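Q: Pasting model-v3.txt below, which is compact mmCIF, C-alpha atoms and all ligand atoms.
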# COMPACT_ATOMS: atom_id res chain seq x y z
CA MET A 1 86.57 48.48 41.18
CA SER A 2 84.33 47.50 44.08
CA ASP A 3 84.52 44.11 45.76
CA ASP A 4 80.85 43.75 46.71
CA LEU A 5 79.64 41.63 43.81
CA PRO A 6 76.58 39.42 44.14
CA TYR A 7 77.21 35.91 45.40
CA GLY A 8 78.72 33.74 42.67
CA PHE A 9 80.31 36.57 40.66
CA VAL A 10 83.99 37.52 40.38
CA TYR A 11 86.17 40.00 38.55
CA LEU A 12 87.90 38.29 35.66
CA SER A 13 91.10 40.26 36.35
CA CYS A 14 91.37 38.78 39.86
CA ALA A 15 91.00 35.17 38.78
CA CYS A 16 92.89 35.44 35.52
CA PRO A 17 94.99 38.61 35.24
CA THR A 18 96.63 37.64 31.94
CA ILE A 19 93.34 37.72 29.98
CA VAL A 20 93.29 41.07 28.17
CA GLN A 21 90.12 43.17 28.50
CA ASN A 22 88.71 45.94 26.34
CA ILE A 23 85.15 46.35 27.55
CA LYS A 24 83.66 48.17 24.60
CA TYR A 25 80.32 49.16 26.19
CA ALA A 26 82.23 51.06 28.90
CA THR A 27 83.56 53.31 26.10
CA ASN A 28 82.13 55.31 23.19
CA ASP A 29 83.70 52.83 20.78
CA ASN A 30 80.70 50.57 20.29
CA PHE A 31 77.64 50.29 18.05
CA THR A 32 75.64 52.80 20.14
CA GLY A 33 78.40 55.43 19.98
CA THR A 34 78.11 56.13 23.70
CA ILE A 35 79.03 54.64 27.06
CA VAL A 36 76.22 52.21 27.73
CA PRO A 37 74.19 52.71 30.96
CA GLY A 38 75.21 50.17 33.56
CA TYR A 39 78.90 50.22 32.64
CA GLU A 40 80.68 52.55 35.09
CA ALA A 41 84.05 50.81 34.81
CA SER A 42 85.95 48.95 32.14
CA VAL A 43 86.00 45.62 33.96
CA ALA A 44 84.78 42.15 33.07
CA ILE A 45 82.59 40.46 35.68
CA LEU A 46 81.46 36.84 35.31
CA THR A 47 80.28 33.89 37.35
CA LYS A 48 82.98 31.86 39.09
CA GLU A 49 82.20 28.91 36.86
CA ALA A 50 82.65 30.90 33.65
CA VAL A 51 85.91 32.40 34.90
CA GLU A 52 87.27 28.98 35.88
CA ALA A 53 86.57 27.71 32.37
CA LEU A 54 88.16 30.79 30.77
CA ASN A 55 91.20 30.32 32.99
CA GLN A 56 91.70 26.83 31.60
CA ILE A 57 91.30 28.10 28.03
CA GLN A 58 93.83 30.85 28.73
CA GLN A 59 96.34 28.31 30.05
CA GLU A 60 96.00 26.16 26.94
CA LEU A 61 96.36 29.21 24.68
CA GLU A 62 99.36 30.58 26.56
CA ALA A 63 101.23 27.37 25.84
CA LYS A 64 100.85 28.32 22.18
CA ASP A 65 101.89 31.97 22.76
CA LEU A 66 98.26 33.06 22.42
CA GLY A 67 95.68 34.48 24.82
CA LEU A 68 92.11 35.74 25.17
CA LEU A 69 90.83 39.28 24.62
CA VAL A 70 87.42 39.94 26.23
CA TRP A 71 85.09 42.63 24.84
CA ASP A 72 82.03 42.00 27.02
CA ALA A 73 81.05 39.73 29.89
CA TYR A 74 78.24 40.23 32.46
CA ARG A 75 75.85 42.84 31.04
CA PRO A 76 73.21 44.47 33.32
CA THR A 77 69.59 44.37 32.14
CA LYS A 78 69.58 48.20 32.10
CA ALA A 79 72.22 48.00 29.34
CA VAL A 80 70.07 45.55 27.41
CA ASP A 81 67.11 47.95 27.82
CA TYR A 82 69.31 50.75 26.49
CA PHE A 83 70.05 48.72 23.36
CA LEU A 84 66.27 48.39 22.86
CA SER A 85 65.79 52.16 23.20
CA TRP A 86 68.70 52.75 20.78
CA GLU A 87 66.64 50.98 18.13
CA LYS A 88 64.09 53.82 18.22
CA VAL A 89 66.68 56.58 17.62
CA PRO A 90 67.52 57.64 14.02
CA ASP A 91 70.69 56.20 12.53
CA ASN A 92 74.07 57.86 12.94
CA GLN A 93 75.40 57.21 9.43
CA ASP A 94 79.05 56.70 10.44
CA ILE A 95 78.02 54.10 13.00
CA LYS A 96 75.64 52.41 10.58
CA VAL A 97 78.38 52.08 7.95
CA LYS A 98 80.78 50.60 10.48
CA TYR A 99 78.48 48.22 12.36
CA TYR A 100 75.35 47.36 10.35
CA PRO A 101 75.63 48.59 6.72
CA ASP A 102 73.19 45.99 5.36
CA TYR A 103 70.33 46.16 7.85
CA LYS A 104 67.82 48.42 9.52
CA LYS A 105 68.20 48.62 13.29
CA ALA A 106 65.00 46.66 13.91
CA GLU A 107 66.33 43.78 11.82
CA LEU A 108 69.37 43.40 14.09
CA PHE A 109 67.06 42.29 16.90
CA LYS A 110 64.96 40.03 14.66
CA ILE A 111 68.02 38.27 13.19
CA GLY A 112 69.57 37.82 16.63
CA PHE A 113 72.62 40.06 16.48
CA ILE A 114 71.27 41.91 19.53
CA ALA A 115 69.00 40.22 22.07
CA PRO A 116 65.41 41.50 21.63
CA GLY A 117 64.56 41.22 25.32
CA HIS A 118 66.66 39.38 27.85
CA SER A 119 70.30 38.77 26.94
CA SER A 120 72.22 35.72 28.12
CA HIS A 121 74.97 38.17 29.11
CA SER A 122 72.80 39.29 32.05
CA ARG A 123 72.99 35.74 33.49
CA GLY A 124 76.73 36.25 33.99
CA SER A 125 78.16 33.28 32.11
CA THR A 126 78.24 34.70 28.58
CA VAL A 127 81.27 36.36 27.09
CA ASP A 128 82.24 38.13 23.86
CA LEU A 129 85.87 37.46 23.04
CA THR A 130 88.61 36.65 20.58
CA ILE A 131 92.15 35.26 20.53
CA ILE A 132 95.27 37.42 20.46
CA ASP A 133 98.99 36.88 19.99
CA LYS A 134 100.32 36.89 23.56
CA ASN A 135 103.47 38.80 22.67
CA THR A 136 101.98 41.55 20.50
CA ASN A 137 98.34 41.61 21.74
CA VAL A 138 97.30 41.66 18.06
CA ALA A 139 94.05 39.78 17.45
CA LEU A 140 93.95 36.82 15.09
CA ASP A 141 92.13 37.55 11.84
CA MET A 142 88.52 36.52 12.36
CA GLY A 143 87.23 38.22 9.20
CA THR A 144 85.19 40.93 10.94
CA ASP A 145 85.48 43.20 13.93
CA PHE A 146 83.55 42.64 17.16
CA ASP A 147 79.87 43.60 16.80
CA PHE A 148 79.90 43.80 13.04
CA PHE A 149 76.26 42.92 12.47
CA GLY A 150 76.29 41.33 9.04
CA LYS A 151 76.36 37.95 7.32
CA LYS A 152 80.16 37.85 7.42
CA SER A 153 79.97 37.54 11.21
CA TYR A 154 78.06 34.28 11.06
CA THR A 155 80.44 31.76 12.64
CA SER A 156 80.34 29.49 9.60
CA SER A 157 80.43 32.26 6.97
CA VAL A 158 82.39 31.43 3.84
CA GLU A 159 82.60 35.13 2.90
CA VAL A 160 85.77 35.54 4.97
CA SER A 161 89.33 34.41 4.16
CA LYS A 162 90.38 30.78 4.61
CA GLN A 163 92.65 31.87 7.47
CA ALA A 164 89.75 33.66 9.21
CA MET A 165 87.59 30.54 8.78
CA ARG A 166 90.36 28.44 10.37
CA ASN A 167 90.75 30.94 13.22
CA ARG A 168 87.01 30.90 13.92
CA ILE A 169 87.02 27.11 14.05
CA PHE A 170 90.01 27.19 16.40
CA LEU A 171 88.17 29.62 18.70
CA LYS A 172 84.91 27.64 18.57
CA ASN A 173 86.69 24.34 19.25
CA ILE A 174 88.64 25.56 22.26
CA MET A 175 85.56 27.28 23.73
CA GLU A 176 83.49 24.13 23.27
CA LYS A 177 86.26 21.97 24.75
CA TYR A 178 85.83 23.87 28.03
CA GLY A 179 82.05 23.87 28.05
CA PHE A 180 80.98 26.97 26.13
CA ILE A 181 78.50 27.08 23.26
CA GLY A 182 78.29 29.78 20.60
CA ILE A 183 75.47 31.18 18.50
CA PRO A 184 75.33 30.99 14.68
CA GLN A 185 75.14 34.78 14.13
CA GLU A 186 78.25 35.94 16.02
CA TRP A 187 81.63 34.17 16.01
CA TRP A 188 82.66 36.02 19.24
CA HIS A 189 79.68 35.19 21.54
CA PHE A 190 79.77 32.15 23.90
CA THR A 191 77.76 30.95 26.89
CA LEU A 192 78.82 28.37 29.48
CA LYS A 193 76.49 25.40 29.03
CA THR A 194 76.44 24.58 32.76
CA GLU A 195 75.84 28.19 33.76
CA PRO A 196 74.90 28.54 37.46
CA PHE A 197 72.07 31.06 36.93
CA PRO A 198 70.24 29.77 33.83
CA ASP A 199 66.99 31.59 34.69
CA LYS A 200 68.21 34.71 36.47
CA TYR A 201 68.84 38.11 34.82
CA PHE A 202 70.96 40.48 36.92
CA ASN A 203 70.93 44.27 36.89
CA PHE A 204 73.79 45.35 39.16
CA THR A 205 76.09 48.04 37.75
CA VAL A 206 79.50 47.15 36.34
CA ARG A 207 81.90 49.13 38.51
C1 LIG A 301 75.34 42.86 20.98
C2 LIG A 301 76.24 41.63 20.88
N1 LIG A 301 77.52 41.91 21.39
C3 LIG A 301 75.61 40.48 21.63
O1 LIG A 301 76.04 40.15 22.70
N2 LIG A 301 74.54 39.91 21.04
C4 LIG A 301 73.79 38.91 21.72
C5 LIG A 301 72.80 38.24 20.81
C6 LIG A 301 73.08 39.51 22.92
O2 LIG A 301 72.70 40.68 22.86
O3 LIG A 301 72.86 38.77 23.88
ZN ZN A 302 77.60 38.58 23.23
Output the file's structure in the form of structure tokens.
Ligand SMILES: C[C@@H](N)C(=O)N[C@H](C)C(=O)O
Ligand SMILES: [Zn+2]
A:
Amino acid sequence: MSDDLPYGFVYLSCACPTIVQNIKYATNDNFTGTIVPGYEASVAILTKEAVEALNQIQQELEAKDLGLLVWDAYRPTKAVDYFLSWEKVPDNQDIKVKYYPDYKKAELFKIGFIAPGHSSHSRGSTVDLTIIDKNTNVALDMGTDFDFFGKKSYTSSVEVSKQAMRNRIFLKNIMEKYGFIGIPQEWWHFTLKTEPFPDKYFNFTVR
């Protein structure tokens, strides 16, 4: 982990060490099946403002014996470009079954499961996350896994259990309370409304 981040960015682990991280694009365990270019370390980097807000959310959750689990945070534009190139490669059937059984790759970009050009993640104040039990680190049931690109992942889907619907509302409400806004397609994806770099897309490597 290097300390020379661009001005305004911090490592989530420094500001809030109790937030659990599993940065999926720094591993093979993601919808591309490979480590994504631009991720050289499994670390979450975000703007100071986003981290401050997450810190407050974590404090409120910890009082309930819960906590946050972060799957992705700042994402370099070279990673976003890699997702676009992945669209041109033939399907790996195992990955298709797991992540996008109902769609062709091109549709994932059209529907909005994957950003078709710039991603808000590259602005540094967007995060993919869920809530876990603080004692066991087991995630609450949200009805789908992270990056399941299907209708069940729509935040307001009624195709998931009642408990999963309640858990999604709980996540959405606490994120909104501290200034984040989600998107309809993915229950796990949130952007800080008062993000400090609303027009800037960064490309420094995650390391
Ligand atoms: C790919 C998924 N985790 C995600 O973040 N999707 C949004 C739409 C994005 O790519 O910005
Ligand atoms: Zn996201």
Q: Which residues are near Phe202 in chain A? Cut-off 12 Å, all atoms listed in the file, ignore same chain within fewer than 5 positions. Put them as a list in words.
A: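 Contacts, in chain order: Leu5, Pro6, Tyr7, Gly8, Phe9, Gly38, Ile45, Leu46, Thr47, Tyr74, Arg75, Pro76, Thr77, Lys78, Ala79, Val80, His118, Ser119, Ser120, His121, Ser122, Arg123, Gly124, Ser125 and Phe197 of chain A.
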Q: In Å, with one decimal, what is the gap from CA of Met142 in chain A to CA of Leu171 in chain A?
A: 9.4 Å
Q: Distance cut-off 10 Å, centre (75.4, 25.4, 31.1) in file coordinates, counting all atoms listed in the file: which residues qualify? Return them as a short mmCIF file (atom, residue, chain, number, x, y, z; two decimals) with C-alpha atoms, keeping the file's coordinate frame.
A:
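Saved to result-v1.cif:
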data_model
loop_
_atom_site.label_atom_id
_atom_site.label_comp_id
_atom_site.auth_asym_id
_atom_site.auth_seq_id
_atom_site.Cartn_x
_atom_site.Cartn_y
_atom_site.Cartn_z
CA GLU A 49 82.20 28.91 36.86
CA ALA A 50 82.65 30.90 33.65
CA SER A 125 78.16 33.28 32.11
CA GLY A 179 82.05 23.87 28.05
CA PHE A 180 80.98 26.97 26.13
CA ILE A 181 78.50 27.08 23.26
CA THR A 191 77.76 30.95 26.89
CA LEU A 192 78.82 28.37 29.48
CA LYS A 193 76.49 25.40 29.03
CA THR A 194 76.44 24.58 32.76
CA GLU A 195 75.84 28.19 33.76
CA PRO A 196 74.90 28.54 37.46
CA PHE A 197 72.07 31.06 36.93
CA PRO A 198 70.24 29.77 33.83
#
Q: Nearest residue to Asp128 in chain A out of A:Ile19, A:Val51, A:Ala73, A:Val89, using all atoms listed in the file?
A: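 Comparing A:Ile19, A:Val51, A:Ala73, A:Val89 against Asp128 in chain A, the winner is A:Ala73.
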Q: Can you work out which one of A:Asp102, A:Glu176, A:Asp141, A:Asp81 has the shortest atom-to-atom distance to ligand LIG 301 (chain A), counting all atoms listed in the file?
A: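 Distance minimum relative to ligand LIG 301 (chain A) lands on A:Asp81.
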Q: Quick one: residues within 7 Å of ligand ZN 302 (chain A), with all atoms listed in the file, as a PyMOL selection string?
A: chain A and resi 72+121+126-128+188-190
Q: Check the smallest atom-to-atom distance from each of A:Lys134, A:Lys200, A:Lys24, A:Lys151 to Trp71 in chain A using only C-alpha atoms, then report the winner.
A: A:Lys24
Q: Near Thr27 in chain A, counting all atoms listed in the file, which residues have an atom at most 10 Å away, once you skip same-chain residues fewer than 3 positions from it, shown as a ChimeraX atom specification?
A: /A:22-24,30,32-36,39-42
Q: Go ahead and save the residues from that selection, with C-alpha atoms, as a compact mmCIF listing (two decimals), keeping the file's coordinate frame.
A:
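For reference, out.txt as written:
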# COMPACT_ATOMS: atom_id res chain seq x y z
CA ASN A 22 88.71 45.94 26.34
CA ILE A 23 85.15 46.35 27.55
CA LYS A 24 83.66 48.17 24.60
CA ASN A 30 80.70 50.57 20.29
CA THR A 32 75.64 52.80 20.14
CA GLY A 33 78.40 55.43 19.98
CA THR A 34 78.11 56.13 23.70
CA ILE A 35 79.03 54.64 27.06
CA VAL A 36 76.22 52.21 27.73
CA TYR A 39 78.90 50.22 32.64
CA GLU A 40 80.68 52.55 35.09
CA ALA A 41 84.05 50.81 34.81
CA SER A 42 85.95 48.95 32.14
Q: Measuring atom to atom with all atoms listed in the file, identify which of A:Phe113, A:Tyr99, A:Tyr25, A:Tyr11 is nearest to ligand LIG 301 (chain A).
A: A:Phe113
Q: With all atoms listed in the file as the atoms that count, which of A:Gly143, A:Gly150, A:Pro184, A:Gly112 lies nearest to ligand LIG 301 (chain A)?
A: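 Under the stated criterion, the closest residue is A:Gly112.
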Q: Find the distance between atom O3 of ligand LIG 301 (chain A) and CA of Gln163 in chain A and write it in Å to one decimal.
A: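 Pair atom O3 of ligand LIG 301 (chain A) / CA of Gln163 in chain A returns 26.6 Å.
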Q: With all atoms listed in the file as the counted atoms, please give the residues lying no more than 12 Å from Ala63 in chain A, apart from itself and same-chain residues fewer than 5 positions off, as a list of chain:residue names.
A: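 Listing them by chain and then by number gives A:Gln56, A:Ile57, A:Gln58, A:Asp133, A:Lys134.
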Q: So which one's closest to ligand LIG 301 (chain A), A:Lys177, A:Arg168, A:Lys162, A:Lys110? Using all atoms listed in the file, please.
A: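 Among the listed residues, the smallest separation from ligand LIG 301 (chain A) belongs to A:Lys110.
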Q: In Å, how far is it from CA of Ala139 in chain A to atom N1 of ligand LIG 301 (chain A)?
A: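 Going from CA of Ala139 in chain A over to atom N1 of ligand LIG 301 (chain A), I get 17.1 Å.
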Q: Around the point (96.6, 35.9, 23.8), in the coordinates given by the file, pick out the residues reaching within 9 Å, counting all atoms listed in the file, and return them as a PyMOL selection string.
A: chain A and resi 18-20+58+61-62+64-69+130-139
Q: Residues near Lys88 in chain A, anyone? I mean within 9 Å using all atoms listed in the file, not counting same-chain ones fewer than 3 positions away, as a list in words.
A: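 Listing them by chain and then by number gives Leu84, Ser85, Lys105 and Ala106 of chain A.
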Q: Now that the selection is made, can you save its residues with C-alpha atoms as a CSV table (one decimal), keeping the file's coordinate frame?
A:
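And here is the file that came out, again_16.csv:
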chain,number,residue,atom,x,y,z
A,84,LEU,CA,66.3,48.4,22.9
A,85,SER,CA,65.8,52.2,23.2
A,105,LYS,CA,68.2,48.6,13.3
A,106,ALA,CA,65.0,46.7,13.9
